[in-house]
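K.L.:
So I've got this file, entry_5.txt, and it contains compact mmCIF, C-alpha atoms and all ligand atoms:
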```txt
# COMPACT_ATOMS: atom_id res chain seq x y z
CA THR A 1 166.25 111.79 53.48
CA ALA A 2 162.88 110.06 53.83
CA PRO A 3 160.07 112.21 55.30
CA ILE A 4 159.07 111.66 58.91
CA ARG A 5 155.84 109.58 58.82
CA VAL A 6 153.39 111.25 61.18
CA ALA A 7 149.85 110.30 62.23
CA ILE A 8 147.20 112.06 64.32
CA ALA A 9 145.25 110.33 67.11
CA GLY A 10 142.03 112.21 67.88
CA TYR A 11 140.51 114.76 65.55
CA GLY A 12 139.16 117.84 67.28
CA ASN A 13 140.50 121.39 67.45
CA LEU A 14 144.06 120.18 68.02
CA GLY A 15 143.75 117.42 65.43
CA ARG A 16 142.67 119.88 62.74
CA GLY A 17 145.51 122.22 63.69
CA ALA A 18 148.02 119.38 63.59
CA GLN A 19 146.97 118.45 60.06
CA ALA A 20 147.45 122.09 58.99
CA ALA A 21 150.87 122.29 60.72
CA ILE A 22 152.09 119.05 59.10
CA LYS A 23 151.19 120.52 55.70
CA GLN A 24 153.57 123.38 56.57
CA SER A 25 156.37 120.88 57.37
CA PRO A 26 158.27 119.82 54.22
CA ASP A 27 160.13 117.08 56.13
CA MET A 28 156.92 115.35 57.24
CA GLN A 29 154.31 113.14 55.62
CA LEU A 30 150.88 112.65 57.20
CA VAL A 31 150.08 108.92 57.06
CA GLY A 32 146.54 109.14 58.44
CA VAL A 33 144.12 110.24 61.14
CA PHE A 34 142.83 107.86 63.82
CA SER A 35 139.51 108.50 65.54
CA ARG A 36 137.32 106.66 68.08
CA ARG A 37 134.34 107.70 65.97
CA ASP A 38 133.13 106.00 62.82
CA PRO A 39 135.73 107.16 60.23
CA SER A 40 132.97 108.00 57.74
CA SER A 41 131.64 110.59 60.23
CA VAL A 42 134.98 112.44 60.56
CA THR A 43 135.51 115.30 58.08
CA LEU A 44 139.15 116.35 57.62
CA ILE A 45 140.21 119.91 56.75
CA ASP A 46 141.31 118.29 53.51
CA ALA A 47 140.59 114.73 52.51
CA SER A 48 144.21 114.07 51.53
CA VAL A 49 144.66 111.17 53.93
CA PRO A 50 142.55 108.26 55.19
CA VAL A 51 140.68 108.27 58.49
CA TYR A 52 141.12 105.01 60.38
CA SER A 53 139.38 103.63 63.44
CA MET A 54 141.45 103.99 66.62
CA ASP A 55 140.63 100.31 67.25
CA ASP A 56 142.90 99.34 64.34
CA ILE A 57 145.92 101.51 65.22
CA GLU A 58 148.14 98.58 66.24
CA HIS A 59 148.16 97.36 62.63
CA TYR A 60 149.96 100.59 61.61
CA LYS A 61 152.77 100.13 64.13
CA ASN A 62 155.43 99.96 61.41
CA ASP A 63 153.95 102.69 59.22
CA ILE A 64 154.22 105.57 61.70
CA ASP A 65 157.43 107.23 62.98
CA VAL A 66 155.65 109.51 65.47
CA LEU A 67 152.02 109.76 66.59
CA ILE A 68 150.54 113.10 67.69
CA LEU A 69 147.91 112.61 70.42
CA CYS A 70 145.22 115.28 70.19
CA GLY A 71 142.77 113.95 72.74
CA GLY A 72 141.49 115.80 75.78
CA SER A 73 143.58 115.87 78.96
CA LYS A 74 140.61 115.44 81.31
CA SER A 75 139.81 111.85 80.27
CA ASP A 76 141.18 110.88 76.84
CA LEU A 77 144.96 111.11 77.31
CA PRO A 78 145.11 109.34 80.71
CA GLU A 79 143.58 106.33 78.97
CA GLN A 80 145.15 106.62 75.47
CA GLY A 81 148.65 107.80 76.39
CA PRO A 82 150.05 104.72 78.16
CA TYR A 83 148.62 102.37 75.52
CA LEU A 84 149.85 104.36 72.51
CA ALA A 85 153.27 104.90 74.14
CA SER A 86 153.68 101.11 74.08
CA LEU A 87 153.40 101.15 70.28
CA PHE A 88 154.75 104.47 68.92
CA ASN A 89 156.91 107.48 69.55
CA ILE A 90 154.26 109.91 70.80
CA VAL A 91 153.83 113.58 71.62
CA ASP A 92 150.85 114.97 73.52
CA SER A 93 149.67 118.19 75.18
CA PHE A 94 148.65 116.78 78.57
CA ASP A 95 147.95 119.85 80.69
CA THR A 96 146.44 118.79 84.02
CA HIS A 97 149.49 120.24 85.79
CA ALA A 98 148.86 118.56 89.17
CA ASN A 99 148.80 115.13 87.50
CA ILE A 100 151.89 115.53 85.27
CA PRO A 101 154.27 113.56 87.56
CA ASP A 102 151.87 110.57 87.67
CA TYR A 103 151.16 110.76 83.94
CA TYR A 104 154.92 110.96 83.22
CA ALA A 105 155.40 107.73 85.15
CA ALA A 106 152.44 106.09 83.37
CA LEU A 107 154.08 106.80 79.99
CA ASP A 108 157.68 106.09 81.00
CA THR A 109 157.21 102.36 81.63
CA PRO A 110 155.49 101.40 78.33
CA ALA A 111 157.70 103.74 76.28
CA THR A 112 160.91 102.35 77.78
CA GLN A 113 159.73 98.77 77.29
CA ALA A 114 158.87 99.54 73.66
CA GLY A 115 162.14 101.44 73.04
CA LYS A 116 160.12 104.53 72.12
CA VAL A 117 160.06 108.20 73.21
CA ALA A 118 156.93 109.63 74.86
CA LEU A 119 157.10 113.43 74.86
CA LEU A 120 154.29 114.65 77.12
CA SER A 121 152.81 118.02 78.09
CA VAL A 122 153.88 119.79 74.90
CA GLY A 123 152.19 123.09 74.04
CA TRP A 124 152.43 126.51 75.61
CA ASP A 125 151.37 125.91 79.21
CA PRO A 126 152.60 123.37 79.95
CA GLY A 127 155.22 123.73 77.24
CA LEU A 128 156.84 127.01 76.13
CA PHE A 129 155.77 128.76 79.35
CA SER A 130 157.37 125.90 81.36
CA ILE A 131 160.68 126.44 79.51
CA ASN A 132 160.58 130.17 80.26
CA ARG A 133 159.75 129.58 83.93
CA LEU A 134 162.85 127.38 84.00
CA TYR A 135 165.02 130.01 82.28
CA GLY A 136 163.82 132.58 84.79
CA GLU A 137 164.58 130.49 87.86
CA ALA A 138 167.93 129.18 86.57
CA ILE A 139 169.23 132.55 85.35
CA LEU A 140 167.74 134.78 88.07
CA PRO A 141 167.71 132.59 91.18
CA ALA A 142 166.98 135.62 93.38
CA GLY A 143 163.51 136.60 92.17
CA GLU A 144 159.85 135.67 91.66
CA THR A 145 158.07 134.09 88.68
CA TYR A 146 154.50 134.91 87.61
CA THR A 147 152.31 133.38 84.91
CA PHE A 148 149.21 135.08 83.55
CA TRP A 149 146.81 133.78 80.87
CA GLY A 150 144.14 135.50 78.83
CA LYS A 151 141.68 136.88 78.43
CA GLY A 152 141.07 133.88 76.19
CA LEU A 153 139.68 130.40 75.67
CA SER A 154 141.36 127.59 77.60
CA GLN A 155 141.02 124.38 75.62
CA GLY A 156 141.82 122.20 78.62
CA HIS A 157 139.11 123.83 80.72
CA SER A 158 136.68 123.83 77.78
CA ASP A 159 137.31 120.10 77.23
CA ALA A 160 136.77 119.58 80.97
CA VAL A 161 133.36 121.30 81.05
CA ARG A 162 132.27 119.40 77.95
CA ARG A 163 132.88 116.15 79.86
CA VAL A 164 130.41 117.11 82.63
CA ALA A 165 127.16 115.09 82.44
CA GLY A 166 124.37 117.24 81.04
CA VAL A 167 126.61 119.58 79.05
CA LYS A 168 125.82 119.64 75.32
CA SER A 169 128.29 122.43 74.32
CA GLY A 170 130.71 124.41 76.45
CA VAL A 171 133.67 126.77 76.50
CA GLN A 172 135.72 128.42 79.24
CA TYR A 173 137.41 131.80 79.15
CA THR A 174 140.24 132.72 81.51
CA LEU A 175 140.47 136.31 82.75
CA PRO A 176 143.66 137.62 84.39
CA SER A 177 143.34 140.02 87.33
CA GLU A 178 144.31 143.48 86.07
CA SER A 179 145.32 144.58 89.59
CA ALA A 180 147.50 141.50 90.10
CA MET A 181 149.28 142.10 86.78
CA ALA A 182 149.82 145.77 87.63
CA ARG A 183 151.37 144.85 91.00
CA VAL A 184 153.72 142.38 89.30
CA ARG A 185 154.72 144.82 86.56
CA SER A 186 155.43 147.50 89.16
CA GLY A 187 158.19 145.25 90.51
CA GLU A 188 156.38 144.73 93.84
CA GLN A 189 156.96 140.92 93.73
CA PRO A 190 153.66 140.20 95.59
CA GLN A 191 152.71 136.80 97.01
CA LEU A 192 149.49 136.03 95.05
CA THR A 193 147.14 133.06 95.59
CA THR A 194 145.73 131.17 92.60
CA ARG A 195 142.37 132.84 93.25
CA GLU A 196 143.92 136.34 93.19
CA LYS A 197 145.45 135.90 89.72
CA HIS A 198 142.61 134.70 87.44
CA THR A 199 138.86 134.19 87.28
CA ARG A 200 137.12 131.70 85.00
CA GLU A 201 133.94 132.22 82.94
CA CYS A 202 132.04 129.30 81.38
CA PHE A 203 129.34 129.38 78.70
CA ILE A 204 127.27 126.18 78.63
CA VAL A 205 124.46 124.75 76.52
CA LEU A 206 122.59 122.14 78.55
CA GLU A 207 121.25 118.82 77.33
CA GLU A 208 117.42 118.84 77.34
CA SER A 209 117.03 116.88 80.58
CA ALA A 210 119.94 118.43 82.54
CA ASP A 211 119.61 120.45 85.76
CA ALA A 212 121.50 123.76 85.69
CA ASP A 213 122.37 123.83 89.43
CA THR A 214 123.77 120.30 89.28
CA VAL A 215 125.92 121.15 86.24
CA ARG A 216 127.12 124.43 87.79
CA GLU A 217 128.11 122.64 91.03
CA ALA A 218 130.00 119.92 89.10
CA ILE A 219 132.00 122.60 87.26
CA VAL A 220 132.86 125.04 90.06
CA THR A 221 133.99 122.26 92.42
CA MET A 222 136.06 120.38 89.81
CA PRO A 223 139.51 119.67 91.30
CA ASN A 224 142.59 120.96 89.39
CA TYR A 225 140.40 122.87 86.91
CA PHE A 226 137.95 125.14 88.78
CA ALA A 227 137.94 124.46 92.53
CA ASP A 228 140.72 126.98 93.25
CA PHE A 229 139.24 129.79 91.12
CA ASP A 230 136.24 132.12 91.31
CA THR A 231 134.21 130.67 88.43
CA SER A 232 130.99 131.89 86.80
CA VAL A 233 128.78 129.54 84.76
CA ASN A 234 126.44 131.11 82.19
CA PHE A 235 123.74 128.99 80.53
CA ILE A 236 122.89 129.95 76.95
CA ASP A 237 121.02 128.38 74.05
CA GLN A 238 122.70 126.61 71.14
CA ALA A 239 122.01 129.43 68.67
CA THR A 240 123.78 131.96 70.92
CA PHE A 241 126.65 129.50 71.46
CA ASP A 242 127.06 128.95 67.73
CA ALA A 243 126.90 132.69 67.04
CA GLU A 244 129.16 133.96 69.80
CA HIS A 245 131.59 131.22 70.89
CA GLN A 246 133.34 129.79 67.88
CA SER A 247 136.70 131.56 67.95
CA MET A 248 139.49 130.42 70.31
CA PRO A 249 141.90 133.29 70.87
CA HIS A 250 144.20 133.18 73.89
CA GLY A 251 147.61 134.22 75.14
CA GLY A 252 149.47 135.29 78.21
CA PHE A 253 152.94 135.80 79.60
CA VAL A 254 155.57 134.48 81.98
CA ILE A 255 157.56 137.12 83.84
CA ARG A 256 160.59 136.59 86.08
CA SER A 257 161.50 139.60 88.16
CA GLY A 258 164.82 139.31 89.96
CA VAL A 259 168.15 140.87 90.87
CA SER A 260 171.62 139.84 89.73
CA GLY A 261 175.15 141.03 89.02
CA ALA A 262 177.75 142.74 91.17
CA GLU A 263 175.46 145.75 91.32
CA GLN A 264 172.41 143.57 92.22
CA ALA A 265 170.52 145.27 89.43
CA ASN A 266 166.77 144.66 88.80
CA GLN A 267 166.39 142.26 85.87
CA VAL A 268 163.13 141.23 84.17
CA LEU A 269 162.77 138.24 81.84
CA GLU A 270 159.42 138.09 79.99
CA PHE A 271 157.95 135.72 77.40
CA SER A 272 154.52 136.43 75.96
CA LEU A 273 152.08 134.94 73.42
CA LYS A 274 149.18 136.58 71.55
CA LEU A 275 147.25 133.77 69.88
CA GLY A 276 144.53 134.25 67.25
CA SER A 277 143.90 130.53 67.62
CA ASN A 278 144.90 128.60 70.73
CA PRO A 279 144.60 125.19 68.99
CA GLY A 280 146.25 126.52 65.84
CA PHE A 281 149.33 127.48 67.88
CA THR A 282 149.37 124.51 70.25
CA SER A 283 149.23 122.04 67.38
CA SER A 284 152.16 123.86 65.72
CA VAL A 285 154.17 123.32 68.92
CA LEU A 286 153.14 119.64 68.91
CA VAL A 287 154.35 119.18 65.32
CA ALA A 288 157.76 120.79 66.00
CA TYR A 289 158.20 118.56 69.06
CA ALA A 290 157.07 115.52 67.05
CA ARG A 291 160.15 116.14 64.89
CA ALA A 292 162.32 116.29 68.03
CA ALA A 293 160.78 113.10 69.51
CA PHE A 294 161.57 111.19 66.34
CA LYS A 295 165.18 112.46 66.26
CA MET A 296 165.66 111.67 69.98
CA ASN A 297 164.48 108.10 69.38
CA GLN A 298 166.74 107.81 66.33
CA ASN A 299 169.59 108.96 68.60
CA GLY A 300 168.82 106.03 70.93
CA GLU A 301 166.65 107.78 73.54
CA GLN A 302 163.64 105.94 74.98
CA GLY A 303 161.11 106.59 77.72
CA ALA A 304 159.11 109.64 78.83
CA ARG A 305 160.46 113.16 78.25
CA THR A 306 159.10 116.69 78.67
CA VAL A 307 159.93 119.91 76.80
CA LEU A 308 162.46 120.61 79.55
CA ASP A 309 164.53 117.66 78.28
CA VAL A 310 164.56 118.65 74.59
CA ALA A 311 167.53 120.47 73.01
CA PRO A 312 165.98 123.36 71.02
CA GLY A 313 167.90 122.52 67.83
CA LEU A 314 165.99 119.23 67.53
CA LEU A 315 162.78 121.20 66.87
CA SER A 316 164.09 122.54 63.57
CA PRO A 317 164.07 120.79 60.19
CA LYS A 318 167.45 122.52 59.62
CA SER A 319 170.75 120.75 60.32
CA PRO A 320 172.87 121.77 63.32
CA ALA A 321 175.40 123.31 60.90
CA GLN A 322 172.68 125.39 59.20
CA LEU A 323 171.38 126.51 62.61
CA ARG A 324 174.87 127.57 63.73
CA LYS A 325 175.22 129.54 60.51
CA GLU A 326 171.80 131.15 60.56
CA LEU A 327 170.63 131.57 64.13
CA LEU A 328 173.62 132.03 66.43
N1 LIG B 1 149.68 122.21 76.79
C1 LIG B 1 149.00 123.20 76.25
O1 LIG B 1 149.48 124.34 76.18
C2 LIG B 1 147.63 122.98 75.66
C3 LIG B 1 146.98 121.77 75.82
N2 LIG B 1 145.74 121.58 75.23
C4 LIG B 1 145.06 120.29 75.44
O2 LIG B 1 144.48 119.87 74.20
C5 LIG B 1 143.36 119.07 74.55
C6 LIG B 1 142.46 118.88 73.36
O3 LIG B 1 141.83 120.11 73.07
P1 LIG B 1 140.79 120.19 71.85
O4 LIG B 1 141.45 119.67 70.60
O5 LIG B 1 140.24 121.57 71.87
O6 LIG B 1 139.66 119.15 72.29
P2 LIG B 1 138.38 118.68 71.42
O7 LIG B 1 137.24 118.62 72.35
O8 LIG B 1 138.30 119.49 70.17
O9 LIG B 1 138.79 117.17 71.00
C7 LIG B 1 139.08 116.21 71.98
C8 LIG B 1 138.70 114.86 71.40
O10 LIG B 1 137.28 114.80 71.29
C9 LIG B 1 136.91 114.05 70.13
N3 LIG B 1 136.03 114.90 69.31
C10 LIG B 1 136.37 116.03 68.68
N4 LIG B 1 135.30 116.54 68.02
C11 LIG B 1 134.27 115.69 68.28
C12 LIG B 1 132.90 115.66 67.89
N5 LIG B 1 132.40 116.61 67.10
N6 LIG B 1 132.14 114.63 68.33
C13 LIG B 1 132.68 113.68 69.12
N7 LIG B 1 133.97 113.66 69.54
C14 LIG B 1 134.74 114.66 69.10
C15 LIG B 1 138.18 113.73 69.36
O11 LIG B 1 138.52 112.36 69.55
P3 LIG B 1 138.05 111.25 68.45
O12 LIG B 1 138.46 111.77 67.10
O13 LIG B 1 138.78 110.00 68.87
O14 LIG B 1 136.57 111.16 68.58
C16 LIG B 1 139.20 114.64 69.98
O15 LIG B 1 140.50 114.08 70.02
C17 LIG B 1 142.74 119.82 75.72
O16 LIG B 1 142.04 118.92 76.57
C18 LIG B 1 143.95 120.40 76.44
O17 LIG B 1 144.24 119.64 77.57
C19 LIG B 1 145.13 122.57 74.48
C20 LIG B 1 145.75 123.79 74.34
C21 LIG B 1 147.03 124.10 74.94
N1 LIG B 2 146.66 124.31 78.57
C1 LIG B 2 145.98 125.58 78.34
C2 LIG B 2 147.00 126.60 77.87
C3 LIG B 2 147.06 127.70 78.91
C4 LIG B 2 145.74 128.42 79.03
C5 LIG B 2 145.42 128.27 80.45
C6 LIG B 2 144.21 128.83 81.09
O1 LIG B 2 143.52 129.59 80.41
O2 LIG B 2 143.99 128.46 82.28
N2 LIG B 2 146.31 127.52 81.05
O3 LIG B 2 147.31 127.14 80.22
C7 LIG B 2 144.82 125.38 77.36
O4 LIG B 2 144.28 124.27 77.36
O5 LIG B 2 144.45 126.33 76.66
```
Represent the structure from my file as structure tokens, please.
P.N.:
Amino acid sequence: TAPIRVAIAGYGNLGRGAQAAIKQSPDMQLVGVFSRRDPSSVTLIDASVPVYSMDDIEHYKNDIDVLILCGGSKSDLPEQGPYLASLFNIVDSFDTHANIPDYYAALDTPATQAGKVALLSVGWDPGLFSINRLYGEAILPAGETYTFWGKGLSQGHSDAVRRVAGVKSGVQYTLPSESAMARVRSGEQPQLTTREKHTRECFIVLEESADADTVREAIVTMPNYFADFDTSVNFIDQATFDAEHQSMPHGGFVIRSGVSGAEQANQVLEFSLKLGSNPGFTSSVLVAYARAAFKMNQNGEQGARTVLDVAPGLLSPKSPAQLRKELL
């Protein structure tokens, strides 16, 4: 069968990872990369495909089976998603959790009208962690669910600080509360506030003219990203940033602690990730779900979907018969 024709929209950490993941997918062909920047200024991890201007993407409507959106959730996807969903099957990693219902609606209308699938909020949280929170609640209705991240680099929060006026470079690390995790693992089932579970640590290089207090205030009060957390903001110079903040490890776990069965036994469901590269993993999830989005559309589905709507078998390049033979 013909390869699935894939393209990438937005070429940053996720975009680079998506190109690498597509190379690992024998059933896919990368058609090209689209960027808002001047294509001649965008360097691919390998120059095997053209870089096009995002302004021209409509002209490739019939050349792309599924488009992988790798823009930032803070301000790129809210603008790009609805437009691109009117042209292509898309997958994206939108992760501003509080805004997912509104963003879902904003994609559903154009995707339905275009007869395309828009698979949003794909990744690990939201994404694989969402699926495991669902398993936990559905299978162990009498219980509590906890999610912990880090210590590691959140790309969503790093993208968000980079969008603050006066920030030249920035990253954000998420630190889980050791005491909160210990209480959960002991089976206590504590009621924990957002602030009791994680703290956030930012490292920022300021633009020449920027005021540190103004930048710090804009970050720590930022709704949905920092306002509900104890957040520290550390200002460093570019040389230190370049030397000490280039890797993007992360990870975390979802744990459901509940009771079930005639004997009302204690049951624990846990799913964990240990990521050497947050973008390298997230983009691999995006590529697997790009395969599923294409198949769903081929099967006649249209409109917005999330990972909670996707049958796991669709993620695999293997046929259902092969999967039954190999994985059940
Ligand atoms: N659901 C999940 O589990 C996860 C979701 N995410 C999401 O992924 C999003 C993207 O993360 P990430 O790839 O790290 O973001 P980046 O900051 O690396 O890239 C975001 C966009 O910025 C532009 N860009 C990239 N590099 C440059 C540059 N040097 N100069 C100018 N513009 C540039 C690109 O657009 P263009 O090419 O058009 O200029 C790119 O699409 C995050 O905002 C987060 O929300 C990330 C991890 C997990
Ligand atoms: N979407 C997150 C993926 C995980 C990481 C995270 C956090 O550290 O707050 N929340 O969810 C990311 O952008 O890295």
K.L.:
Using all atoms of ligand LIG 2 (chain B) listed in the file and a margin of 4 Å per side, can you give the axis-aligned box centre and edge lengths in Å to one decimal, as JSON?
P.N.:
```
{"center_x": 145.4, "center_y": 126.9, "center_z": 79.5, "size_x": 11.8, "size_y": 13.3, "size_z": 13.6}
```
K.L.:
What is the distance, in Å and to one decimal place, between CA of Pro312 (chain A) and CA of Ala292 (chain A)?
P.N.:
8.5 Å
K.L.:
Report as a Markdown table: every residue of chain A with an atom at most 6 Å from ligand LIG 2 (chain B), its closest pair of atoms, and their distance in Å to one decimal, counting all atoms listed in the file, with rows sorted by chain and ascending residue number.
P.N.:
```
| residue | atom | partner | partner_atom | distance |
| --- | --- | --- | --- | --- |
| A:Asp95 | CA | B:LIG2 | N1 | 5.1 |
| A:Trp124 | CA | B:LIG2 | C2 | 5.9 |
| A:Asp125 | CA | B:LIG2 | O3 | 4.4 |
| A:Trp149 | CA | B:LIG2 | O1 | 5.3 |
| A:Ser154 | CA | B:LIG2 | O5 | 3.5 |
| A:Gln155 | CA | B:LIG2 | O4 | 3.7 |
| A:Gly156 | CA | B:LIG2 | O4 | 3.5 |
| A:Thr174 | CA | B:LIG2 | O1 | 4.7 |
```
K.L.:
Please list as number ranges by chain every residue within 12 Å of region 222-224 of chain A, counting only C-alpha atoms and excluding residues in the same chain fewer than 5 positions away.
P.N.:
A: 73-74, 95-100, 156-157, 160-161, 163-164, 194, 215-217, 229-231
K.L.:
Figure out the distance between CA of Cys70 (chain A) and CA of Val233 (chain A), please, to one decimal in Å.
P.N.:
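CA of Val233 (chain A) sits 26.2 Å away from CA of Cys70 (chain A).
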K.L.:
Kindly compile the residues surrounding ligand LIG 1 (chain B) within 6 Å, counting only C-alpha atoms and all ligand atoms, and format them as a PyMOL selection string.
P.N.:
chain A and resi 10-14+35-37+70-73+93-95+121-127+155-156+159+279+282
K.L.:
Pick out the residues sitting within 12 Å of region 252-262 of chain A, and hand them over as a tab-separated table (two decimals) with C-alpha atoms, keeping the file's coordinate frame; count all atoms listed in the file, and ignore anything fewer than 4 positions along from it in its own chain.
P.N.:
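Once written, result21.tsv looks like this:
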```
chain	number	residue	atom	x	y	z
A	124	TRP	CA	152.43	126.51	75.61
A	125	ASP	CA	151.37	125.91	79.21
A	126	PRO	CA	152.60	123.37	79.95
A	127	GLY	CA	155.22	123.73	77.24
A	128	LEU	CA	156.84	127.01	76.13
A	129	PHE	CA	155.77	128.76	79.35
A	130	SER	CA	157.37	125.90	81.36
A	131	ILE	CA	160.68	126.44	79.51
A	132	ASN	CA	160.58	130.17	80.26
A	133	ARG	CA	159.75	129.58	83.93
A	134	LEU	CA	162.85	127.38	84.00
A	135	TYR	CA	165.02	130.01	82.28
A	136	GLY	CA	163.82	132.58	84.79
A	137	GLU	CA	164.58	130.49	87.86
A	138	ALA	CA	167.93	129.18	86.57
A	139	ILE	CA	169.23	132.55	85.35
A	140	LEU	CA	167.74	134.78	88.07
A	141	PRO	CA	167.71	132.59	91.18
A	142	ALA	CA	166.98	135.62	93.38
A	143	GLY	CA	163.51	136.60	92.17
A	144	GLU	CA	159.85	135.67	91.66
A	145	THR	CA	158.07	134.09	88.68
A	146	TYR	CA	154.50	134.91	87.61
A	147	THR	CA	152.31	133.38	84.91
A	148	PHE	CA	149.21	135.08	83.55
A	149	TRP	CA	146.81	133.78	80.87
A	150	GLY	CA	144.14	135.50	78.83
A	151	LYS	CA	141.68	136.88	78.43
A	152	GLY	CA	141.07	133.88	76.19
A	153	LEU	CA	139.68	130.40	75.67
A	154	SER	CA	141.36	127.59	77.60
A	174	THR	CA	140.24	132.72	81.51
A	175	LEU	CA	140.47	136.31	82.75
A	176	PRO	CA	143.66	137.62	84.39
A	177	SER	CA	143.34	140.02	87.33
A	181	MET	CA	149.28	142.10	86.78
A	183	ARG	CA	151.37	144.85	91.00
A	184	VAL	CA	153.72	142.38	89.30
A	185	ARG	CA	154.72	144.82	86.56
A	186	SER	CA	155.43	147.50	89.16
A	187	GLY	CA	158.19	145.25	90.51
A	188	GLU	CA	156.38	144.73	93.84
A	189	GLN	CA	156.96	140.92	93.73
A	190	PRO	CA	153.66	140.20	95.59
A	198	HIS	CA	142.61	134.70	87.44
A	266	ASN	CA	166.77	144.66	88.80
A	267	GLN	CA	166.39	142.26	85.87
A	268	VAL	CA	163.13	141.23	84.17
A	269	LEU	CA	162.77	138.24	81.84
A	270	GLU	CA	159.42	138.09	79.99
A	271	PHE	CA	157.95	135.72	77.40
A	272	SER	CA	154.52	136.43	75.96
A	273	LEU	CA	152.08	134.94	73.42
A	274	LYS	CA	149.18	136.58	71.55
A	275	LEU	CA	147.25	133.77	69.88
A	278	ASN	CA	144.90	128.60	70.73
```
K.L.:
Go through A:Asn62, A:Thr240, A:Gln246, A:Thr109 and flag the residue nearest Ser277 (chain A), using all atoms listed in the file for the distances.
P.N.:
A:Gln246
K.L.:
Within 8 Å of (122.8, 123.2, 74.7), all atoms listed in the file: residues as JSON, numbers by chain?
P.N.:
{"A": [167, 168, 169, 204, 205, 206, 207, 208, 236, 237, 238]}
